[in-house]
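Single-structure report; data block below.
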Amino acid sequence: MHLPFRGRLKLLVASLTAVILLTWLYLLAGNLENGRSLLLSPCLSETPEARVLERAVLESRVREMEEENRQIRLQLNQLQGTAGQPADGGNYGNAAWGASADTGPEDVENTAEERANHTECPRSPTVLKCELIHVACVCAGHNASRDVVTLVKSILFHRRNPLHFHFITDAVANQILSSLFQSWMVPSVQVSFYDADELKSEVSWIPNKHYSGIYGLMKLTLTKALPSDLTKVIVLDTDITFATDIAELWAIFRKFTDKQVIGLVENQSDWYLGNLWKNHKPWPALGRGFNTGVILLYLERLRRIGWEQMWRLTAERELMSMLSTSLADQDIFNAFIKQNPVLVHQLPCFWNVQLSDHTRSEQCYTEVSDLKVIHWNSPKKLRVKNKHVEFFRNLYLTFLEYDGNLLRRELFGCPSQATSESVRLQGALEELDEDDQCYDFRRERITVHRVHLYFLQYEYTPAGDDTDVTLVAQLSMDRLQMLEAIFKHWEGPISLALYMSDAEAQQFLRYAQASEVLKNRKNVGYHIVYKEGQFYPVNLVRNVALRNANTPYVFLADVDFLPMYGLYDYLRKSVVQLDMAHTKKALVVPAFETLRYRLSFPKSKAELLSMLDMGTLYTFRYHVWTKGHAPTNYAKWRTATTPYKVEWEADFEPYVVVKRDCPEYDQRFVGFGWNKVSHIMELDAQEYDLMVLPNAFMIHMPHAPSFDISKFRSSPGYRYCLQTLKEEFHQDLSRKYGAAALKYLTAQRNI
């Protein structure tokens, strides 16, 4: 009996020592990191309330340890006093040891189960499986529209719920984003637009020094701008990146008390503390104030308390002494909260990790998994100072270059209402025969490509004399080097459609921002058509550029041609001379080519003719595709001094100037072959007169063969399908234009 008792006694003494040591460690940990416990959950934020909670949790754990110490001492005394008692008495002592001080033997199993289910972070309130989440954003201009796309990608990547985006936009952002979402066709996503111009009068009376201008005040008007039956909404700045499902943020609405109407994260800079510089006088705020990059707005409650009148009165009162806002709507929100603190629900700071210089953002996370929302709220954006900025930058770049086509995924179990366009496309797809040898070609014709119009800043108003001409062209990444040279040759407006992946579009953006030539041209519209499928949809891309020209006339060119110097002015004069406004004409610009990468570009027709005679230049495709431009009649052009008419011939594909409302290119032709030929044929079918300009020319610059021409040359199947598409085009032309179109079929058979 003595040995078992001594063994148990040693065990209890050792346990008592270990528990006392653990208690001491808990107390020590509570004093580390400037009073922040290292052993507490990273879920707790750095707010005063959270620090009080930390202390309470620590004190609770210490009390638990002290209670266990008391129980151990009690058991030790019992064992010492009952050393000669039967063994079953000792068994009861073991049972008591296994349970906590507050449980009996029958509760031991439940206690273990509860421990297994325990997590450091409290479980967040859940969102219903198909609950619709509403997101609002103010967006104005070309740059903000690009930022919104990255924000939306990060939301779509993580989301598991249907979404409804509400965009308050100017005319530019409306055009860009409406076109983008229409062509993106993401299931279970609705988009609504609201005209910012109609809201300007609500906030234009407020002087604002912030770089966001009047649009930085628009969030104050959301109770009026958004539908009256919309009860709550998440409001986001455009420079936000999500690292989690937005439904987690939406669920926080369920944590609001009955009085709370706004959810915000504490400001992580010292701005509102007023100590950044001498005589720094910020707007009034509660403590550090709140940042309005991420807002939960309970619209229904805001309307009920008279939000519109309340923020106006707050702004009027403070402007009497402050004179203007420095941080736009954020100043007014904070002044309002200072007067009405009971109305705000403070969000954990990981819902708005603010990456501006000199912030406390690093205290919002200890692990990568803690991150929820990253806010690039510094004018420096990606160049901001933060010891983890490289990680944040890489996360942002992941979504920036992420293939948006992959986000067109269905939400299983959440049926979405099909649009008329999606129904039409589905019907067209079902009509295709998958066993057809040319199935891939036919499938490409009905593929909807995402389109981002005006990817860069565009500022141009057409000349008032109705003679203006836009150069229209398309290109891919391998032709970017042509742009600077073209810009030097053509000073007029340009509409360019670029066929690129998301990553390539960002490479192009960096290229454009680094080029002095491109950066200084604001009359060039860049329209991104995002890659999808195995073919280059050349005519679809051309049509995007054509539709978005905003002058009465267009010069339909290719990007590997350099126009002669002064061609822009010459074409405008020719438009008047040939009475283009009242007649149906297509003005032919004769095409030449050089095989030399370095060319002393001819400054006149006489100089060009001299180079032609010396063999430095050739008529375009003279060696490989003579009939493509032979009808131009170069022999006549050499001596011509006035425009002359030529007749259409089979395979004629000149570069022409026409009215902007000309027929579009036929999108069945993809890759190499017949993409321009079919367009000239339709112009002729519509009785356009082909007029060759005597003093105009363009020169093709050498480059490596495209991938599509290589496929055409190497693949019999490719050539067979192209011939099939030609025949079908002729049939469609005959149905459209009747007997007048028979000449095209006859001419084709005679080749």
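Naming works like this for the structure tokens: A, B, ... for the chains as they're shown, residue 1 at the start of each chain, ligands 1 onward in shown order.
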DSSP on the backbone: what in range 131-355 of chain A comes out helix (DSSP H, G or I), as number ranges by chain? A: 141-158, 171-184, 196-198, 200-203, 213-225, 246-255, 271-273, 299-304, 307-322, 329-339, 341-343, 349-351
Close residues, range 160-166 of chain A itself excluded, 8 Å, only C-alpha atoms, min 4 positions apart in chain, as a compact mmCIF listing (two decimals) with N, CA, C and O atoms, in the first residue's frame:
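Result saved to around-v1.txt:
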```
# COMPACT_ATOMS: atom_id res chain seq x y z
N LYS A 129 -27.63 30.00 -48.09
CA LYS A 129 -26.92 29.46 -49.26
C LYS A 129 -27.06 30.34 -50.49
O LYS A 129 -26.08 30.64 -51.15
N CYS A 130 -28.26 30.76 -50.83
CA CYS A 130 -28.47 31.54 -52.05
C CYS A 130 -28.90 32.98 -51.75
O CYS A 130 -29.53 33.63 -52.59
N GLU A 131 -28.56 33.46 -50.57
CA GLU A 131 -28.91 34.83 -50.20
C GLU A 131 -28.19 35.82 -51.11
O GLU A 131 -26.98 35.71 -51.35
N LEU A 132 -28.93 36.80 -51.61
CA LEU A 132 -28.37 37.80 -52.52
C LEU A 132 -27.62 38.86 -51.73
O LEU A 132 -28.16 39.46 -50.81
N ILE A 133 -26.36 39.09 -52.11
CA ILE A 133 -25.51 40.08 -51.43
C ILE A 133 -25.40 41.31 -52.31
O ILE A 133 -25.08 41.21 -53.50
N HIS A 134 -25.63 42.47 -51.73
CA HIS A 134 -25.60 43.73 -52.48
C HIS A 134 -24.30 44.48 -52.17
O HIS A 134 -23.92 44.64 -51.01
N VAL A 135 -23.65 44.94 -53.24
CA VAL A 135 -22.38 45.66 -53.12
C VAL A 135 -22.48 46.96 -53.92
O VAL A 135 -22.89 46.94 -55.09
N ALA A 136 -22.11 48.07 -53.30
CA ALA A 136 -22.16 49.37 -53.98
C ALA A 136 -20.76 49.95 -54.10
O ALA A 136 -19.90 49.73 -53.24
N CYS A 137 -20.55 50.70 -55.19
CA CYS A 137 -19.24 51.29 -55.45
C CYS A 137 -19.42 52.55 -56.28
O CYS A 137 -20.25 52.58 -57.19
N SER A 188 -25.35 34.40 -62.00
CA SER A 188 -25.75 34.84 -60.65
C SER A 188 -25.11 36.15 -60.25
O SER A 188 -24.78 36.37 -59.08
N VAL A 189 -24.92 37.03 -61.22
CA VAL A 189 -24.42 38.38 -60.95
C VAL A 189 -25.32 39.38 -61.67
O VAL A 189 -25.52 39.30 -62.87
N GLN A 190 -25.89 40.30 -60.90
CA GLN A 190 -26.70 41.39 -61.46
C GLN A 190 -25.91 42.69 -61.32
O GLN A 190 -25.12 42.85 -60.39
N VAL A 191 -26.14 43.60 -62.24
CA VAL A 191 -25.45 44.88 -62.22
C VAL A 191 -26.45 46.00 -62.48
O VAL A 191 -27.26 45.91 -63.41
N SER A 192 -26.39 47.04 -61.67
CA SER A 192 -27.23 48.22 -61.85
C SER A 192 -26.34 49.46 -61.86
O SER A 192 -25.35 49.51 -61.14
N PHE A 193 -26.73 50.44 -62.67
CA PHE A 193 -25.96 51.68 -62.77
C PHE A 193 -26.82 52.88 -62.39
O PHE A 193 -28.02 52.91 -62.68
N TYR A 194 -26.18 53.85 -61.74
CA TYR A 194 -26.86 55.06 -61.29
C TYR A 194 -26.01 56.26 -61.73
O TYR A 194 -24.78 56.25 -61.58
N LEU A 226 -29.71 54.68 -54.15
CA LEU A 226 -30.06 53.27 -54.32
C LEU A 226 -31.57 53.06 -54.15
O LEU A 226 -32.25 53.89 -53.57
N ASP A 245 -14.32 35.22 -48.70
CA ASP A 245 -15.67 35.30 -49.24
C ASP A 245 -16.39 36.52 -48.66
O ASP A 245 -16.45 36.70 -47.44
N ALA A 247 -19.34 37.01 -48.31
CA ALA A 247 -20.48 36.61 -47.47
C ALA A 247 -20.14 36.71 -45.98
O ALA A 247 -21.02 36.97 -45.16
N LEU A 411 -23.12 28.90 -59.81
CA LEU A 411 -23.25 28.62 -58.39
C LEU A 411 -24.22 27.45 -58.26
O LEU A 411 -25.43 27.62 -58.39
N CYS A 414 -27.91 27.29 -56.75
CA CYS A 414 -28.48 28.64 -56.77
C CYS A 414 -28.85 28.99 -58.20
O CYS A 414 -28.01 29.55 -58.94
```
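CA of Ser420 in chain A sits 25.8 Å away from CA of Asp229 in chain A.
The neighbours of Lys627 in chain A here are the residues that come within 10 Å of it, using only C-alpha atoms and leaving out any residue fewer than 2 positions away in the same chain; they are Arg621, Tyr622, Val624, Trp625, His629, Ala630, Pro631, Thr632, Glu649, Ala650, Asp651, Phe652 and Glu653 of chain A.
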Just the residues within 8 Å of Leu456 in chain A, please, counting only C-alpha atoms, with nothing from its chain fewer than 6 positions along; format it as a ChimeraX atom specification. /A:142-143,509,525-526
Select, from A:Met477, A:Ile699, A:Val472, A:Val148, the residue with the minimum atom-to-atom distance to Leu612 in chain A, counting only C-alpha atoms.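 Closest to Leu612 in chain A, using only C-alpha atoms: A:Ile699.
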Give me the residues within 12 Å of Arg479 in chain A as an mmCIF file with all heavy atoms, in the first residue's frame, counting only C-alpha atoms and dropping any in the same chain fewer than 3 places off.
```
data_model
loop_
_atom_site.group_PDB
_atom_site.id
_atom_site.type_symbol
_atom_site.label_atom_id
_atom_site.label_comp_id
_atom_site.auth_asym_id
_atom_site.auth_seq_id
_atom_site.Cartn_x
_atom_site.Cartn_y
_atom_site.Cartn_z
ATOM 1 N N ALA A 473 -7.863 49.965 -86.306
ATOM 2 C CA ALA A 473 -6.994 48.795 -86.492
ATOM 3 C C ALA A 473 -7.115 47.859 -85.296
ATOM 4 O O ALA A 473 -7.649 48.228 -84.247
ATOM 5 C CB ALA A 473 -5.544 49.230 -86.690
ATOM 6 N N GLN A 474 -6.598 46.652 -85.473
ATOM 7 C CA GLN A 474 -6.554 45.672 -84.390
ATOM 8 C C GLN A 474 -5.141 45.120 -84.296
ATOM 9 O O GLN A 474 -4.373 45.156 -85.259
ATOM 10 C CB GLN A 474 -7.569 44.547 -84.640
ATOM 11 C CG GLN A 474 -7.441 43.835 -85.971
ATOM 12 C CD GLN A 474 -6.320 42.821 -86.049
ATOM 13 O OE1 GLN A 474 -6.001 42.191 -85.038
ATOM 14 N NE2 GLN A 474 -5.734 42.672 -87.219
ATOM 15 N N LEU A 475 -4.796 44.604 -83.110
ATOM 16 C CA LEU A 475 -3.458 44.047 -82.931
ATOM 17 C C LEU A 475 -3.439 43.099 -81.749
ATOM 18 O O LEU A 475 -4.374 43.072 -80.936
ATOM 19 C CB LEU A 475 -2.428 45.154 -82.713
ATOM 20 C CG LEU A 475 -2.496 45.950 -81.396
ATOM 21 C CD1 LEU A 475 -1.104 46.455 -81.025
ATOM 22 C CD2 LEU A 475 -3.445 47.135 -81.529
ATOM 23 N N SER A 476 -2.365 42.339 -81.668
ATOM 24 C CA SER A 476 -2.107 41.487 -80.510
ATOM 25 C C SER A 476 -0.766 41.889 -79.916
ATOM 26 O O SER A 476 -0.121 42.832 -80.375
ATOM 27 C CB SER A 476 -2.113 40.006 -80.921
ATOM 28 O OG SER A 476 -1.231 39.800 -82.010
ATOM 29 N N MET A 482 4.752 48.418 -83.046
ATOM 30 C CA MET A 482 4.363 49.256 -84.182
ATOM 31 C C MET A 482 3.700 50.561 -83.753
ATOM 32 O O MET A 482 3.637 51.519 -84.535
ATOM 33 C CB MET A 482 3.409 48.490 -85.099
ATOM 34 C CG MET A 482 4.047 47.364 -85.892
ATOM 35 S SD MET A 482 5.281 47.966 -87.069
ATOM 36 C CE MET A 482 4.318 49.082 -88.079
ATOM 37 N N LEU A 483 3.191 50.615 -82.534
ATOM 38 C CA LEU A 483 2.336 51.733 -82.154
ATOM 39 C C LEU A 483 3.058 53.079 -82.160
ATOM 40 O O LEU A 483 2.521 54.076 -82.657
ATOM 41 C CB LEU A 483 1.718 51.476 -80.768
ATOM 42 C CG LEU A 483 0.712 50.321 -80.701
ATOM 43 C CD1 LEU A 483 0.091 50.233 -79.310
ATOM 44 C CD2 LEU A 483 -0.373 50.479 -81.752
ATOM 45 N N GLU A 484 4.245 53.135 -81.597
ATOM 46 C CA GLU A 484 4.944 54.418 -81.532
ATOM 47 C C GLU A 484 5.179 54.994 -82.926
ATOM 48 O O GLU A 484 4.999 56.199 -83.155
ATOM 49 C CB GLU A 484 6.267 54.267 -80.779
ATOM 50 C CG GLU A 484 6.097 54.060 -79.283
ATOM 51 C CD GLU A 484 7.405 54.229 -78.524
ATOM 52 O OE1 GLU A 484 8.450 54.421 -79.188
ATOM 53 O OE2 GLU A 484 7.387 54.183 -77.285
ATOM 54 N N ALA A 485 5.559 54.137 -83.882
ATOM 55 C CA ALA A 485 5.808 54.607 -85.248
ATOM 56 C C ALA A 485 4.521 55.105 -85.897
ATOM 57 O O ALA A 485 4.496 56.160 -86.548
ATOM 58 C CB ALA A 485 6.427 53.487 -86.081
ATOM 59 N N ILE A 486 3.416 54.367 -85.695
ATOM 60 C CA ILE A 486 2.133 54.788 -86.274
ATOM 61 C C ILE A 486 1.723 56.151 -85.711
ATOM 62 O O ILE A 486 1.249 57.028 -86.445
ATOM 63 C CB ILE A 486 1.044 53.731 -86.003
ATOM 64 C CG1 ILE A 486 1.301 52.480 -86.846
ATOM 65 C CG2 ILE A 486 -0.348 54.280 -86.296
ATOM 66 C CD1 ILE A 486 0.345 51.352 -86.574
ATOM 67 N N LEU A 496 -8.170 51.487 -81.466
ATOM 68 C CA LEU A 496 -7.415 50.238 -81.516
ATOM 69 C C LEU A 496 -8.094 49.177 -80.654
ATOM 70 O O LEU A 496 -8.427 49.434 -79.486
ATOM 71 C CB LEU A 496 -5.993 50.448 -80.993
ATOM 72 C CG LEU A 496 -5.049 51.321 -81.822
ATOM 73 C CD1 LEU A 496 -3.749 51.531 -81.066
ATOM 74 C CD2 LEU A 496 -4.784 50.698 -83.178
ATOM 75 N N ALA A 497 -8.288 47.994 -81.220
ATOM 76 C CA ALA A 497 -8.766 46.846 -80.451
ATOM 77 C C ALA A 497 -7.599 45.890 -80.274
ATOM 78 O O ALA A 497 -6.941 45.519 -81.255
ATOM 79 C CB ALA A 497 -9.926 46.163 -81.155
ATOM 80 N N LEU A 498 -7.325 45.516 -79.030
ATOM 81 C CA LEU A 498 -6.166 44.680 -78.717
ATOM 82 C C LEU A 498 -6.645 43.327 -78.207
ATOM 83 O O LEU A 498 -7.400 43.262 -77.222
ATOM 84 C CB LEU A 498 -5.282 45.351 -77.662
ATOM 85 C CG LEU A 498 -4.729 46.737 -78.013
ATOM 86 C CD1 LEU A 498 -5.696 47.841 -77.549
ATOM 87 C CD2 LEU A 498 -3.373 46.970 -77.369
ATOM 88 N N TYR A 499 -6.214 42.256 -78.869
ATOM 89 C CA TYR A 499 -6.615 40.900 -78.481
ATOM 90 C C TYR A 499 -5.560 40.347 -77.537
ATOM 91 O O TYR A 499 -4.441 40.026 -77.945
ATOM 92 C CB TYR A 499 -6.751 40.026 -79.721
ATOM 93 C CG TYR A 499 -7.358 38.667 -79.436
ATOM 94 C CD1 TYR A 499 -8.645 38.572 -78.902
ATOM 95 C CD2 TYR A 499 -6.671 37.493 -79.723
ATOM 96 C CE1 TYR A 499 -9.223 37.341 -78.649
ATOM 97 C CE2 TYR A 499 -7.244 36.254 -79.486
ATOM 98 C CZ TYR A 499 -8.519 36.179 -78.943
ATOM 99 O OH TYR A 499 -9.086 34.956 -78.701
ATOM 100 N N MET A 500 -5.914 40.240 -76.250
ATOM 101 C CA MET A 500 -4.925 39.918 -75.228
ATOM 102 C C MET A 500 -5.537 39.104 -74.098
ATOM 103 O O MET A 500 -6.751 39.126 -73.888
ATOM 104 C CB MET A 500 -4.334 41.206 -74.630
ATOM 105 C CG MET A 500 -3.565 42.060 -75.617
ATOM 106 S SD MET A 500 -2.947 43.571 -74.832
ATOM 107 C CE MET A 500 -1.789 44.104 -76.097
ATOM 108 N N PHE A 508 0.711 45.401 -71.393
ATOM 109 C CA PHE A 508 0.475 46.531 -72.293
ATOM 110 C C PHE A 508 0.322 47.830 -71.504
ATOM 111 O O PHE A 508 0.854 48.877 -71.894
ATOM 112 C CB PHE A 508 -0.783 46.290 -73.129
ATOM 113 C CG PHE A 508 -1.352 47.546 -73.718
ATOM 114 C CD1 PHE A 508 -0.671 48.237 -74.715
ATOM 115 C CD2 PHE A 508 -2.559 48.068 -73.254
ATOM 116 C CE1 PHE A 508 -1.174 49.413 -75.235
ATOM 117 C CE2 PHE A 508 -3.067 49.239 -73.774
ATOM 118 C CZ PHE A 508 -2.371 49.913 -74.769
ATOM 119 N N ASP A 558 -4.500 48.212 -91.106
ATOM 120 C CA ASP A 558 -3.872 47.187 -90.272
ATOM 121 C C ASP A 558 -2.696 47.821 -89.550
ATOM 122 O O ASP A 558 -2.057 48.748 -90.064
ATOM 123 C CB ASP A 558 -3.407 45.993 -91.116
ATOM 124 C CG ASP A 558 -4.513 44.953 -91.307
ATOM 125 O OD1 ASP A 558 -5.478 44.977 -90.518
ATOM 126 O OD2 ASP A 558 -4.407 44.134 -92.234
ATOM 127 N N VAL A 559 -2.377 47.290 -88.374
ATOM 128 C CA VAL A 559 -1.405 47.946 -87.510
ATOM 129 C C VAL A 559 0.032 47.796 -88.002
ATOM 130 O O VAL A 559 0.925 48.511 -87.546
ATOM 131 C CB VAL A 559 -1.556 47.404 -86.066
ATOM 132 C CG1 VAL A 559 -0.904 46.020 -85.939
ATOM 133 C CG2 VAL A 559 -1.022 48.377 -85.039
ATOM 134 N N ASP A 560 0.283 46.879 -88.948
ATOM 135 C CA ASP A 560 1.649 46.725 -89.454
ATOM 136 C C ASP A 560 1.925 47.602 -90.671
ATOM 137 O O ASP A 560 2.919 47.412 -91.368
ATOM 138 C CB ASP A 560 1.970 45.258 -89.755
ATOM 139 C CG ASP A 560 0.818 44.511 -90.378
ATOM 140 O OD1 ASP A 560 -0.110 45.179 -90.866
ATOM 141 O OD2 ASP A 560 0.846 43.266 -90.387
ATOM 142 N N PHE A 561 1.045 48.580 -90.944
ATOM 143 C CA PHE A 561 1.253 49.569 -92.001
ATOM 144 C C PHE A 561 1.552 50.931 -91.385
ATOM 145 O O PHE A 561 0.926 51.322 -90.393
ATOM 146 C CB PHE A 561 0.003 49.719 -92.873
ATOM 147 C CG PHE A 561 -0.146 48.650 -93.920
ATOM 148 C CD1 PHE A 561 -0.754 47.443 -93.622
ATOM 149 C CD2 PHE A 561 0.312 48.856 -95.208
ATOM 150 C CE1 PHE A 561 -0.901 46.462 -94.580
ATOM 151 C CE2 PHE A 561 0.170 47.885 -96.188
ATOM 152 C CZ PHE A 561 -0.433 46.679 -95.873
ATOM 153 N N MET A 701 5.304 47.181 -93.010
ATOM 154 C CA MET A 701 6.625 46.930 -92.433
ATOM 155 C C MET A 701 6.795 45.431 -92.167
ATOM 156 O O MET A 701 5.836 44.734 -91.824
ATOM 157 C CB MET A 701 6.796 47.716 -91.135
ATOM 158 C CG MET A 701 6.551 49.222 -91.293
ATOM 159 S SD MET A 701 7.595 49.987 -92.548
ATOM 160 C CE MET A 701 9.200 49.872 -91.737
ATOM 161 N N PRO A 702 7.999 44.907 -92.334
ATOM 162 C CA PRO A 702 8.206 43.458 -92.198
ATOM 163 C C PRO A 702 8.059 42.981 -90.755
ATOM 164 O O PRO A 702 8.336 43.709 -89.805
ATOM 165 C CB PRO A 702 9.642 43.267 -92.694
ATOM 166 C CG PRO A 702 10.311 44.586 -92.463
ATOM 167 C CD PRO A 702 9.244 45.624 -92.671
ATOM 168 N N HIS A 703 7.610 41.736 -90.610
ATOM 169 C CA HIS A 703 7.490 41.107 -89.290
ATOM 170 C C HIS A 703 7.420 39.602 -89.476
ATOM 171 O O HIS A 703 7.205 39.108 -90.591
ATOM 172 C CB HIS A 703 6.246 41.608 -88.545
ATOM 173 C CG HIS A 703 4.966 41.402 -89.300
ATOM 174 N ND1 HIS A 703 4.347 40.172 -89.426
ATOM 175 C CD2 HIS A 703 4.178 42.285 -89.986
ATOM 176 C CE1 HIS A 703 3.239 40.307 -90.139
ATOM 177 N NE2 HIS A 703 3.123 41.562 -90.498
ATOM 178 N N ALA A 704 7.587 38.864 -88.406
ATOM 179 C CA ALA A 704 7.510 37.402 -88.460
ATOM 180 C C ALA A 704 6.087 36.973 -88.813
ATOM 181 O O ALA A 704 5.122 37.654 -88.452
ATOM 182 C CB ALA A 704 7.924 36.815 -87.116
ATOM 183 N N PRO A 705 5.929 35.838 -89.511
ATOM 184 C CA PRO A 705 4.583 35.360 -89.865
ATOM 185 C C PRO A 705 3.758 35.082 -88.613
ATOM 186 O O PRO A 705 4.286 34.660 -87.581
ATOM 187 C CB PRO A 705 4.856 34.065 -90.636
ATOM 188 C CG PRO A 705 6.275 34.149 -91.075
ATOM 189 C CD PRO A 705 6.979 34.951 -90.040
ATOM 190 N N SER A 706 2.461 35.335 -88.705
ATOM 191 C CA SER A 706 1.575 35.071 -87.567
ATOM 192 C C SER A 706 1.364 33.571 -87.409
ATOM 193 O O SER A 706 1.586 32.783 -88.336
ATOM 194 C CB SER A 706 0.226 35.756 -87.782
ATOM 195 O OG SER A 706 -0.467 35.145 -88.860
#
```
Could you pull the residues within 12 Å of His158 in chain A, counting only C-alpha atoms, minus those fewer than 5 positions along the same chain, as a PyMOL selection string? chain A and resi 151-153+163+241-248+372-373+399+407+409+411
Selected residues written out with N, CA, C and O atoms, as a PDB file, in the first residue's frame:
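Written output follows (part.pdb):
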```
ATOM      1  N   LEU A 151     -11.060  44.599 -58.256  1.00  0.00           N
ATOM      2  CA  LEU A 151     -11.898  44.402 -57.067  1.00  0.00           C
ATOM      3  C   LEU A 151     -12.939  43.322 -57.316  1.00  0.00           C
ATOM      4  O   LEU A 151     -13.101  42.386 -56.521  1.00  0.00           O
ATOM      5  N   VAL A 152     -13.644  43.422 -58.437  1.00  0.00           N
ATOM      6  CA  VAL A 152     -14.703  42.458 -58.757  1.00  0.00           C
ATOM      7  C   VAL A 152     -14.128  41.055 -58.920  1.00  0.00           C
ATOM      8  O   VAL A 152     -14.721  40.070 -58.452  1.00  0.00           O
ATOM      9  N   LYS A 153     -12.980  40.941 -59.557  1.00  0.00           N
ATOM     10  CA  LYS A 153     -12.348  39.624 -59.707  1.00  0.00           C
ATOM     11  C   LYS A 153     -12.082  38.985 -58.352  1.00  0.00           C
ATOM     12  O   LYS A 153     -12.324  37.789 -58.155  1.00  0.00           O
ATOM     13  N   LEU A 163     -24.693  37.771 -56.399  1.00  0.00           N
ATOM     14  CA  LEU A 163     -24.269  39.139 -56.109  1.00  0.00           C
ATOM     15  C   LEU A 163     -25.057  40.133 -56.947  1.00  0.00           C
ATOM     16  O   LEU A 163     -25.438  39.836 -58.087  1.00  0.00           O
ATOM     17  N   THR A 241      -9.036  44.943 -52.246  1.00  0.00           N
ATOM     18  CA  THR A 241      -8.833  43.566 -52.706  1.00  0.00           C
ATOM     19  C   THR A 241      -9.344  42.619 -51.630  1.00  0.00           C
ATOM     20  O   THR A 241      -8.944  42.729 -50.465  1.00  0.00           O
ATOM     21  N   PHE A 242     -10.218  41.690 -52.014  1.00  0.00           N
ATOM     22  CA  PHE A 242     -10.756  40.712 -51.066  1.00  0.00           C
ATOM     23  C   PHE A 242      -9.859  39.477 -51.011  1.00  0.00           C
ATOM     24  O   PHE A 242      -9.384  38.996 -52.043  1.00  0.00           O
ATOM     25  N   ALA A 243      -9.665  38.959 -49.793  1.00  0.00           N
ATOM     26  CA  ALA A 243      -8.899  37.732 -49.593  1.00  0.00           C
ATOM     27  C   ALA A 243      -9.770  36.644 -48.972  1.00  0.00           C
ATOM     28  O   ALA A 243      -9.260  35.640 -48.483  1.00  0.00           O
ATOM     29  N   THR A 244     -11.085  36.860 -48.992  1.00  0.00           N
ATOM     30  CA  THR A 244     -12.017  35.897 -48.407  1.00  0.00           C
ATOM     31  C   THR A 244     -13.383  36.079 -49.059  1.00  0.00           C
ATOM     32  O   THR A 244     -13.593  36.990 -49.860  1.00  0.00           O
ATOM     33  N   ASP A 245     -14.319  35.217 -48.701  1.00  0.00           N
ATOM     34  CA  ASP A 245     -15.675  35.296 -49.235  1.00  0.00           C
ATOM     35  C   ASP A 245     -16.390  36.519 -48.661  1.00  0.00           C
ATOM     36  O   ASP A 245     -16.448  36.699 -47.440  1.00  0.00           O
ATOM     37  N   ILE A 246     -16.947  37.342 -49.527  1.00  0.00           N
ATOM     38  CA  ILE A 246     -17.627  38.562 -49.083  1.00  0.00           C
ATOM     39  C   ILE A 246     -18.849  38.241 -48.222  1.00  0.00           C
ATOM     40  O   ILE A 246     -19.328  39.094 -47.468  1.00  0.00           O
ATOM     41  N   ALA A 247     -19.336  37.011 -48.305  1.00  0.00           N
ATOM     42  CA  ALA A 247     -20.477  36.608 -47.471  1.00  0.00           C
ATOM     43  C   ALA A 247     -20.140  36.706 -45.984  1.00  0.00           C
ATOM     44  O   ALA A 247     -21.018  36.975 -45.158  1.00  0.00           O
ATOM     45  N   GLU A 248     -18.880  36.499 -45.618  1.00  0.00           N
ATOM     46  CA  GLU A 248     -18.476  36.626 -44.215  1.00  0.00           C
ATOM     47  C   GLU A 248     -18.689  38.060 -43.722  1.00  0.00           C
ATOM     48  O   GLU A 248     -19.071  38.287 -42.573  1.00  0.00           O
ATOM     49  N   LYS A 372      -8.533  39.566 -44.485  1.00  0.00           N
ATOM     50  CA  LYS A 372      -9.849  39.515 -45.118  1.00  0.00           C
ATOM     51  C   LYS A 372      -9.937  40.499 -46.280  1.00  0.00           C
ATOM     52  O   LYS A 372     -10.320  40.127 -47.383  1.00  0.00           O
ATOM     53  N   VAL A 373      -9.601  41.760 -46.021  1.00  0.00           N
ATOM     54  CA  VAL A 373      -9.704  42.812 -47.033  1.00  0.00           C
ATOM     55  C   VAL A 373      -8.460  43.692 -46.968  1.00  0.00           C
ATOM     56  O   VAL A 373      -8.072  44.148 -45.891  1.00  0.00           O
ATOM     57  N   PHE A 399      -4.920  38.771 -58.791  1.00  0.00           N
ATOM     58  CA  PHE A 399      -6.255  39.077 -59.316  1.00  0.00           C
ATOM     59  C   PHE A 399      -6.178  40.017 -60.514  1.00  0.00           C
ATOM     60  O   PHE A 399      -6.998  39.923 -61.430  1.00  0.00           O
ATOM     61  N   LEU A 407     -13.951  32.894 -64.109  1.00  0.00           N
ATOM     62  CA  LEU A 407     -14.910  33.303 -63.075  1.00  0.00           C
ATOM     63  C   LEU A 407     -16.345  33.208 -63.564  1.00  0.00           C
ATOM     64  O   LEU A 407     -17.270  33.554 -62.836  1.00  0.00           O
ATOM     65  N   ARG A 409     -18.307  30.876 -63.606  1.00  0.00           N
ATOM     66  CA  ARG A 409     -18.753  29.577 -63.113  1.00  0.00           C
ATOM     67  C   ARG A 409     -20.125  29.681 -62.470  1.00  0.00           C
ATOM     68  O   ARG A 409     -20.468  30.676 -61.839  1.00  0.00           O
ATOM     69  N   LEU A 411     -23.122  28.903 -59.814  1.00  0.00           N
ATOM     70  CA  LEU A 411     -23.252  28.616 -58.390  1.00  0.00           C
ATOM     71  C   LEU A 411     -24.220  27.450 -58.255  1.00  0.00           C
ATOM     72  O   LEU A 411     -25.432  27.619 -58.389  1.00  0.00           O
TER      73      LEU A 411
END
```
